[in-house]
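S.K.: Next up is a structure, given as structure tokens.
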Amino acid sequence: MISTLSGMGVRSEHAYIGGFASIGLSVLSYFASRKISRKDSDNKAQSDRWGLFVGQWAPTFFALGIALKLEEHDPS
């Protein structure tokens, strides 16, 4: 899979940017969800779920970035 991604032109920097963007998006979605669902009594729980859902993407992007970086430096 990593070879395929690398062959498609995806570089490790792209994955790292995706990881940092998902952290920012996690914070943004948390506060946006808090503002939108302010009238609901369950708004904090819903906001937590949105923030955590998006926040879980970051480790995957960072792991892909590391794997792509290893692929880029592989001499074969």
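For the structure tokens, the naming scheme is as follows: chains receive sequential letters (A, B, ...) according to their order of presentation, residues are indexed from 1 within each chain, and ligands are indexed from 1 in presentation order.
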With a distance cut-off of 7 Å and only C-alpha atoms, select the neighbouring residues of region 7-23 of chain A, excluding the residue or stretch itself and same-chain residues fewer than 2 positions from it, and output the selection as a PyMOL selection string.

M.R.: chain A and resi 3-5+25-27+54-55+57-59+61-62+64-66+68-69

S.K.: Find the distance between CA of Ser29 (chain A) and CA of Trp50 (chain A) and write it in Å to one decimal.

M.R.: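 Computed distance, CA of Ser29 (chain A) to CA of Trp50 (chain A), equals 6.3 Å.
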
S.K.: When you look at Glu71 (chain A) with a cut-off of 8 Å (counting only C-alpha atoms), what residues show up, excluding the ones that are within fewer than 4 positions of it in the same chain? I need them as an MDAnalysis selection string.

M.R.: chainID A and resid 2:3 6 67

S.K.: Please, what distance in Å, to one decimal, runs between CA of Ala45 (chain A) and CA of Thr60 (chain A)?

M.R.: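 Between CA of Ala45 (chain A) and CA of Thr60 (chain A) the gap works out to 24.0 Å.
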
S.K.: Nearest to Lys44 (chain A): which of A:Leu70, A:Gln56, A:Met1, A:Phe31 is it, counting only C-alpha atoms?

M.R.: A:Phe31

S.K.: Run DSSP on the backbone and tell me which residues of region 17-61 of chain A come out as helix (DSSP H, G or I); list them as a ChimeraX atom specification.

M.R.: /A:17-36,43-55,57-61

S.K.: For region 46-49 of chain A, please output as a ChimeraX atom specification all residues within 6 Å (counting only C-alpha atoms; exclusion window: fewer than 5 positions along the same chain).

M.R.: /A:30,33-34
